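Engineer: First the structure, then my questions, so here it is.
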Amino acid sequence: MSATIPREHEPTEVVDVATSAVATGVARHEPVLEIEGFSVDYGAGASMVRAVDEVTLRLDRSRVLGIAGESGSGKSTLVYAMTRLLRAPGLISGGRVLLHTTDDDGVVTPVNLVEASESELRKVRWSHVSIVLQSALSALNPVLRIGREFDEVLKTHRKDMTKAQRRARAVELLRLVGLTEDRLDRYPHELSGGQRQRVMIAVALALDPELVIMDEPTTALDVVTQREIISELATLRARFGFAMIFITHDLSLLVELADEIAVMYAGSIVERAGARELYEAPRHPYTLGLLHSFPPLHGERRELTGIPGSPPDLADPPAGCRFAPRCTFAMARCLTERPTLREFGDEGRSVACWLFDPASASRVPVELSLAPSARQTVGEP
Amino acid sequence: MRGLALPRSPKVILGLGILGFFIVLTVVGPWLAPYNPSSTAFTALLTPSSHHWLGTTSLGQDIFSQLLVGARATMVVALVAGLVATLLSMTIGISAGYLGGVPDDGLTLLSNVFLAIPGVPLLIVIDSYLPVNSRSNEFVIGLIISLTGWAWGARVLRAQTMSLRNRDFVEAARIIGESRRRIMFSEIAPNLLPVLASSLLFTVLYSIGAYVTLAYIGLTSTATWNWGTMLYWAQANNAPLSNEWYWFVPPGICIALVGTGLALVNFGIDEFINPRLRAAGLTARQRRQLGLARRPRLGVTPVLRTASSRQPTGVVAK
Amino acid sequence: MTDVELDTGAVQLRASHLSRDFTTRVPGRFVRAKRVTHAVEDVSLELVAGRVLAVVGESGSGKSVLARMLARIVTPTSGELELRGTPIAPKAKRDLAYAAMVQLVLQDPFASINPVHRIRHSLERPLLIHGADRARVGELARSVLERVSLDPSDRFLDRYPHELSGGQLQRVSIARALCVKPQVLLADEPISMLDVSVRLGILNLLKGLCDDENLAVLYITHDIASARYLADETIVMYAGQVVERSVGTALVDEPTHPYTQLLIASVPDPSDPTSIAPRAATAGPMDSSVTGCRFAPRCPHASARCLAESPPVFEIGPGHHSRCWLHEGNRVATPVLTTRRGKGGPTTT
């Protein structure tokens with residue numbers, strides 16, 4: 001096993017504003033999800049493509065983990081496979097995924113989703129982990145009224161609820177996401193994109209899950225609607241204390257929203273760090289490149305370069321570090337040996353890059369050795 | 001052309017094999033025939049023997065020779081009719097779908113009329129107006145059959161074209177100033193290749209049926225041999241009632257085999273068009289070898305439990 | 001990059017008062033009612049050689065319809081086009097001479113290149129249509145690929161689109177437009193479908209074409225930060241109308257229209273740690289049928305007058321215009337929207 005398990009957060013770790021208001025009594029550094037050495041393949045034999053390669057991650061209760069990556073980085077494959085929702089020809093080829101489920105009496109049971117049977121999965125999904133997809137239009141059944149979506153979920157998992165109770169719960173959920181009761185009797189096509197995505201979020205929260213997974217929930221939406229949904233999510237999380245995995249290609253959105261960020265490239269995690277640390281002091285050259293790919297809204301206009309080249313073809317990945325062909329800091333070693341994600345420094349962050357190998361004689365370039373600025377995110381006002 | 005790389009499944013290979021066999025027969029059949037199929041020189045109603053593999057007719061003709069010679073006319077008519085009908089449906093269907101408006105209305109009306117009229121009675125009417133000598137001409141008969149067989153394909157192609165005409169690459173072709181004719185037949189048509197191929201197979205199948213029917217009811221020249229006229233003569237001489245199975249079963253089997261071959265190849269095209277069938281990814285054999293369930297179930301991603309798969313291939317492990 | 005600098009280059013394409021209505025049928029109880037949507041209303045603009053004009057708007061703002069009218073594949077309901085001083089009938093039709101001057105690059109590179117043909121076909125067709133010598137098209141196609149930095153060009157010519165990445169395909173798409181040697185390049189959201197890491201490459205390519213080859217570029221986007229990065233002049237559209245326009249970066253640095261302010265406040269900005277803040281204005285449908293200001297139903301500053309009367313365009317400063325009653329009488333102070341980004345300095349004072 002090469003990848004390291006992320007260090008637990010010290011109890012003294014500063015709390016950020018949103019999570020300090022968490023209403024649940026659960027200690028924050030208890031894990032809700034632990035992923036170890038998790039790999040996913042498409043197909044098998046000669047045509048096999050490894051889409052997710054030995055990913056190790058840990059998410060604590062009530063925290064937001066952002067996964068950033070471009071198309072083909074494996075970020076969506078990772079979460080679909082993790083919840084066993086990935087379709088053929090996807091195959092899980094190794095590792096384990098522990099979801100720590102809490103029942104009504106507060107007893108925590110870890111469930112390994114990789115080993116779980118179909119009925120165990122059915123019990124865990126929605127009740128403990130729910131997922132919001134990028135396209136609400138294809139996730140909502142076009143011939144059913146919105147109310148039926150809530151009804152189905154509640155009927156399956158809360159058999160003791162009466163019809164009137166289910167309706168009342170649906171109305172309550174809709175209000176949470178800023179929609180009015182009358183939406184329940186509408187069809188999906190009568191709603192705008194933002195409203196449909198809000199319905200999806202409300203359905204995902206129907207059973208008070210511990211973990212909500214969001215797969216690019218705002219990518220298809222306009223920027224103003226995106227802003228509203230993001231701030232609503234922050235409010236909802238503060239109120240209900242669920243943990244969240246938020247997947248997007250928009251790193252700048254994650255810096256605002258997430259507590260921690262994992263950056264994926266070509267199937268593996270290349271850097272994992274606290275959101276602000278990652279933004280202010282990126283360590284992996286790819287992270288640095290991504291951060292320099294967003295034109296700024298203010299300041300002097302100057303030419304930015306982005307990242308040269310294109311993402312690799314996973315059917316024929318480059319030998320050595322998969323980012324090396326596009327990396328401005330690549331050394332001879334990067335072209336032959338593949339770096340693994342290792343813990344780095346004393347900041348509780350990890351990076352998969354030879355520049356940070358203690359045994360390597362290379363000097364870390366100045367762009368990648370910035371110190372995070374005075375921590376503005378801490379709890380004090 | 002990358003457009004039509006058929007999947008190599010046993011079904012497709014068998015289908016192509018059957019079709020290949022009959023196409024070879026079309027070319028060499030008349031030369032292989034041991035006797036003149038019209039010669040009445042033999043004893044009537046012989047049962048199959050080493051001299052007459054399929055026996056003789058009530059007029060003393062060799063049935064095996066009739067079958068071999070008749071393959072050519074049957075296949076030529078089917079291929080001519082299939083090709084012409086596909087060309088017609090392509091031109092009419094794509095034009096209607098791309099141009100829209102009044103041309104679409106007119107062409108759609110035309111194809112609906114041809115769809116609504118039952119094909120075989122129309123064929124009988126057209127055929128009865130033909131001069132008798134052209135009734136023995138396979139090309140003329142093929143053209144007539146294609147007239148009744150294009151409408152269904154045109155409808156399908158029109159619908160497919162309408163879904164393509166607003167695609168960005170069509171708009172891009174308009175932006176660079178491409179002409180309408182080229183957009184239809186050089187940009188859109190190649191994207192419809194699987195549909196066109198499927199439509200060709202169906203019209204060939206239809207044409208065999210139509211030609212055999214016409215011949216069976218005696219509307220083509222009885223002087224030329226095809227599988228339909230064989231059935232016509234067998235019927236006229238009460239072969240089914242007098243247990244002379246060797247007279248009418250062989251042409252029937254040949255017709256059924258060609259149809260099966262066409263259908264098997266169509267399966268391949270179906271797999272090619274339908275991404276759900278194609279994206280199954282793992283063949284049944286691979287799934288068995290990996291110890292996975294035979295059919296993938298929705299909502300439960302399979303897990304490989306072999307230890308060796310933990311090491312990614314081609315990566316330097318650390 | 002230089003800041004505010006007034007027109008010096010030649011006007012290649014001038015559009016005056018372009019409008020386009022769409023009629024949709026709304027199912028009613030007995031009869032189907034007709035409803036007219038003003039997709040684009042009275043938009044005038046000039047595309048100048050060597051300069052980038054950015055049009056910013058969300059879905060439904062009419063920005064794509066505007067680009068298609070300029071490319072003459074959508075017929076305007078009213079308005080005029082003028083190509084290098086010559087009036088042109090704006091009706092959509094196949095006009096090779098016009099296509100040779102004005103080219104449009106589409107949003108989705110995966111859809112805009114025919115999947116069944118090799119890249120060679122996509123580049124040689126425009127060359128052949130516009131009268132290139134058949135013997136030389138291969139060479140010309142290679143040189144145009146080199147202009148968009150697809151090297152080695154031989155390797156790309158014989159590939160199929162599915163073998164290329166999104167960024168490479170968008171470069172092919174731009175190369176196809178360049179084949180006819182246009183003077184005006186219209187780019188409809190050229191980076192929105194691309195991976196983040198290759199977006200800047202495409203923007204820099206457009207900038208290079210504009211600076212080095214003196215092309216007039218229209219850059220359509222929903223991303224106001226990229227407009228600021230690229231454009232010499234920026235227009236913001238809302239529900240078919242231009243609500244604010246300015247030369248240079250003034251529009252982003254000192255937005256005066258409440259909608260522009262909302263757009264800018266909505267962009268994720270990691271440099272501002274106090275982000276996720278509630279705002280006054282809300283997201284909502286764009287409705288071109290309202291009387292009065294179209295943004296009024298969502299506007300935090302809307303008064304009775306805004307709901308009743310459509311505002312005209314007021315001049316805020318040199319080359320800076322805003323369609324908002326707040327600026328009546330010219331250079332009236334904007335009531336400061338609780339924008340979390342005061343960094344652009346105070347709004348117009």
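Chain labels run A, B, ... following the order of the structure tokens; each chain numbers its residues from 1, and ligands are numbered from 1 in the order shown.
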Using only C-alpha atoms, which residues sit within 8 Å of Leu206 of chain C once same-chain residues fewer than 4 positions away are excluded, as a PyMOL selection string?
Structural biologist: chain C and resi 202+210+217
Engineer: Please dump the current selection as an mmCIF file, in the first residue's frame; keep N, CA and C atoms.
Structural biologist:
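As written to disk, again-v1.cif reads:
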data_model
loop_
_atom_site.group_PDB
_atom_site.id
_atom_site.type_symbol
_atom_site.label_atom_id
_atom_site.label_comp_id
_atom_site.auth_asym_id
_atom_site.auth_seq_id
_atom_site.Cartn_x
_atom_site.Cartn_y
_atom_site.Cartn_z
ATOM 1 N N ILE C 202 -6.843 28.952 -25.539
ATOM 2 C CA ILE C 202 -7.754 29.389 -26.603
ATOM 3 C C ILE C 202 -7.927 30.916 -26.548
ATOM 4 N N CYS C 210 -6.015 38.588 -33.039
ATOM 5 C CA CYS C 210 -6.463 39.970 -33.067
ATOM 6 C C CYS C 210 -5.263 40.925 -33.138
ATOM 7 N N VAL C 217 -12.509 40.789 -33.589
ATOM 8 C CA VAL C 217 -12.998 39.604 -32.887
ATOM 9 C C VAL C 217 -14.214 39.965 -32.031
#
Engineer: Please give the complete set of residues from segment 207-270 of chain B that DSSP, run on the backbone, assigns to alpha helix (DSSP H), formatted as an MDAnalysis selection string.
Structural biologist: chainID B and resid 207:216 227:236 245:270
Engineer: Atom CA of Met75 of chain B to atom CA of Thr26 of chain B: how many Å, to one decimal?
Structural biologist: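 Those two atoms sit 6.4 Å apart.
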Engineer: Which of these, B:Thr222, B:Ser50, B:Gln61, B:Ser186, has the shortest distance to chain C once you count only C-alpha atoms?
Structural biologist: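 The shortest atom-to-atom distance to chain C comes from B:Ser186.
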Engineer: When you get a sec, could you note down which chain C residues fall within 7 Å of chain B, using only C-alpha atoms, as number ranges by chain?
Structural biologist: C: 94-96, 99, 103-104, 111-114, 116, 126, 129
Engineer: Filtering to C-alpha atoms, could you give me those residues as a compact mmCIF listing (two decimals), in the first residue's frame?
Structural biologist:
# COMPACT_ATOMS: atom_id res chain seq x y z
CA ARG C 94 -25.55 31.44 -48.51
CA ASP C 95 -23.24 34.24 -49.56
CA LEU C 96 -19.69 33.13 -50.25
CA ALA C 99 -18.61 34.05 -45.55
CA GLN C 103 -16.67 33.57 -39.78
CA LEU C 104 -18.34 32.12 -36.69
CA ALA C 111 -20.31 18.65 -31.89
CA SER C 112 -19.16 21.20 -34.42
CA ILE C 113 -16.75 18.96 -36.32
CA ASN C 114 -18.28 16.16 -38.36
CA VAL C 116 -17.25 10.76 -39.67
CA PRO C 126 -13.65 25.70 -46.77
CA ILE C 129 -15.32 26.23 -51.53
Engineer: Give the residues of chain C that lie within 6 Å of chain A; count only C-alpha atoms, and format the answer as a PyMOL selection string.
Structural biologist: chain C and resi 195+197+200+225-226+266+268+270+276+283
Engineer: Among segment 111-321 of chain A, which ones does DSSP assign to strand (DSSP E) (computed from the backbone)? Answer as a VMD selection string.
Structural biologist: chain A and resid 111 to 112 129 to 132 211 to 215 243 to 248 260 to 265 268 to 274
Engineer: Generate a file of the selected residues that holds C-alpha atoms, formatted as an mmCIF file, in the first residue's frame.
Structural biologist:
data_model
loop_
_atom_site.group_PDB
_atom_site.id
_atom_site.type_symbol
_atom_site.label_atom_id
_atom_site.label_comp_id
_atom_site.auth_asym_id
_atom_site.auth_seq_id
_atom_site.Cartn_x
_atom_site.Cartn_y
_atom_site.Cartn_z
ATOM 1 C CA VAL A 111 -20.182 -0.381 6.362
ATOM 2 C CA ASN A 112 -17.710 -1.386 3.679
ATOM 3 C CA VAL A 129 -25.520 8.796 1.679
ATOM 4 C CA SER A 130 -27.312 10.600 -1.141
ATOM 5 C CA ILE A 131 -26.134 11.950 -4.432
ATOM 6 C CA VAL A 132 -27.061 14.984 -6.564
ATOM 7 C CA LEU A 211 -23.120 12.385 3.604
ATOM 8 C CA VAL A 212 -24.332 14.196 0.503
ATOM 9 C CA ILE A 213 -22.395 13.835 -2.726
ATOM 10 C CA MET A 214 -22.741 16.606 -5.301
ATOM 11 C CA ASP A 215 -21.489 15.884 -8.797
ATOM 12 C CA ALA A 243 -20.813 16.060 5.394
ATOM 13 C CA MET A 244 -20.502 16.832 1.721
ATOM 14 C CA ILE A 245 -18.362 15.810 -1.195
ATOM 15 C CA PHE A 246 -18.541 18.484 -3.863
ATOM 16 C CA ILE A 247 -17.150 17.674 -7.289
ATOM 17 C CA THR A 248 -16.405 20.365 -9.827
ATOM 18 C CA GLU A 260 -10.564 20.544 2.248
ATOM 19 C CA ILE A 261 -9.739 20.037 -1.392
ATOM 20 C CA ALA A 262 -8.392 17.026 -3.230
ATOM 21 C CA VAL A 263 -7.094 17.757 -6.722
ATOM 22 C CA MET A 264 -7.337 14.837 -9.140
ATOM 23 C CA TYR A 265 -5.384 14.405 -12.329
ATOM 24 C CA SER A 268 -5.183 9.872 -8.962
ATOM 25 C CA ILE A 269 -5.111 12.518 -6.304
ATOM 26 C CA VAL A 270 -2.112 14.782 -6.816
ATOM 27 C CA GLU A 271 -2.662 17.136 -3.919
ATOM 28 C CA ARG A 272 -4.813 17.266 -0.819
ATOM 29 C CA ALA A 273 -4.917 20.234 1.541
ATOM 30 C CA GLY A 274 -7.123 22.634 3.413
#
Engineer: Please find the residues of chain A near chain B - the criterion being any atom within 10 Å, counting only C-alpha atoms - and write them as a VMD selection string.
Structural biologist: chain A and resid 1 to 3 37 to 45 47 to 50 53 to 54 80 to 95 114 to 118 121 to 122 316 to 321 336 to 340
Engineer: Please list as number ranges by chain every residue within 8 Å of Thr77 of chain C, counting only C-alpha atoms and excluding residues in the same chain fewer than 2 positions away.
Structural biologist: C: 18-21, 75, 79
Engineer: May I have the residues within 12 Å of Asn112 of chain B as a PyMOL selection string, using only C-alpha atoms and disregarding those fewer than 3 positions away in the same chain?
Structural biologist: chain B and resi 93+104-109+115-118+148+150-155
Engineer: Quick one: of C:Leu140, C:Leu145, C:Val55, C:Val252, who's nearest to Leu128 of chain C, counting only C-alpha atoms?
Structural biologist: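 Under the stated criterion, the closest residue is C:Leu140.
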Engineer: Do you have the atom CA of Val36 of chain C-atom CA of Met237 of chain C distance handy?
Structural biologist: 18.6 Å
Engineer: Need the shell around Leu99 of chain A: protein/DNA/RNA residues with any atom at most 8 Å away, counting only C-alpha atoms. Skip same-chain ones fewer than 4 positions apart. Format as a JSON list (two decimals) with C-alpha atoms, in the first residue's frame?
Structural biologist:
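Output file selection_3.json follows:
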[["chain", "number", "residue", "atom", "x", "y", "z"],
["A", 32, "VAL", "CA", -17.87, 9.61, 8.11],
["A", 33, "LEU", "CA", -16.09, 8.18, 5.10],
["A", 34, "GLU", "CA", -12.74, 6.45, 4.70],
["A", 110, "PRO", "CA", -18.93, 1.12, 9.64],
["A", 111, "VAL", "CA", -20.18, -0.38, 6.36],
["A", 112, "ASN", "CA", -17.71, -1.39, 3.68],
["A", 113, "LEU", "CA", -19.56, -0.38, 0.52]]
Engineer: What does the structure give for the distance between atom CA of Gly178 of chain A and atom CA of Val203 of chain A, in Å to one decimal?
Structural biologist: 13.3 Å
Engineer: Neighbours of Glu181 of chain A within 9 Å (only C-alpha atoms; same-chain residues fewer than 4 positions away dropped), as a list in words?
Structural biologist: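 Everything that qualifies: Ala170, Val171, Glu172, Leu174, Arg175 and Asp185 of chain A.
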Engineer: For the selection you just gave me, I'd like the residues written to a file as a compact mmCIF listing (two decimals), in the first residue's frame, keeping C-alpha atoms.
Structural biologist:
# COMPACT_ATOMS: atom_id res chain seq x y z
CA ALA A 170 -42.01 17.20 1.04
CA VAL A 171 -43.36 20.72 1.59
CA GLU A 172 -40.93 21.23 4.45
CA LEU A 174 -39.03 22.36 -0.60
CA ARG A 175 -39.19 25.34 1.74
CA ASP A 185 -47.69 19.44 -8.49
Engineer: Using only C-alpha atoms, can you tell me which of A:Leu191, A:Val364, A:Ala164, A:Ala258 comes closest to Pro142 of chain A?
Structural biologist: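 The answer is A:Leu191, which sits nearest to Pro142 of chain A.
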Engineer: Would you kindly return, as a list in words, each protein, DNA or RNA residue with an atom no farther than 7 Å from any atom of segment 314-317 of chain C, considering only C-alpha atoms and excluding same-chain residues fewer than 2 positions away?
Structural biologist: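 Final neighbour list, sorted by chain and number: Pro312, Gly319, His320, His321, Ser322, Arg323, His327, Glu328, Asn330 and Arg331 of chain C.
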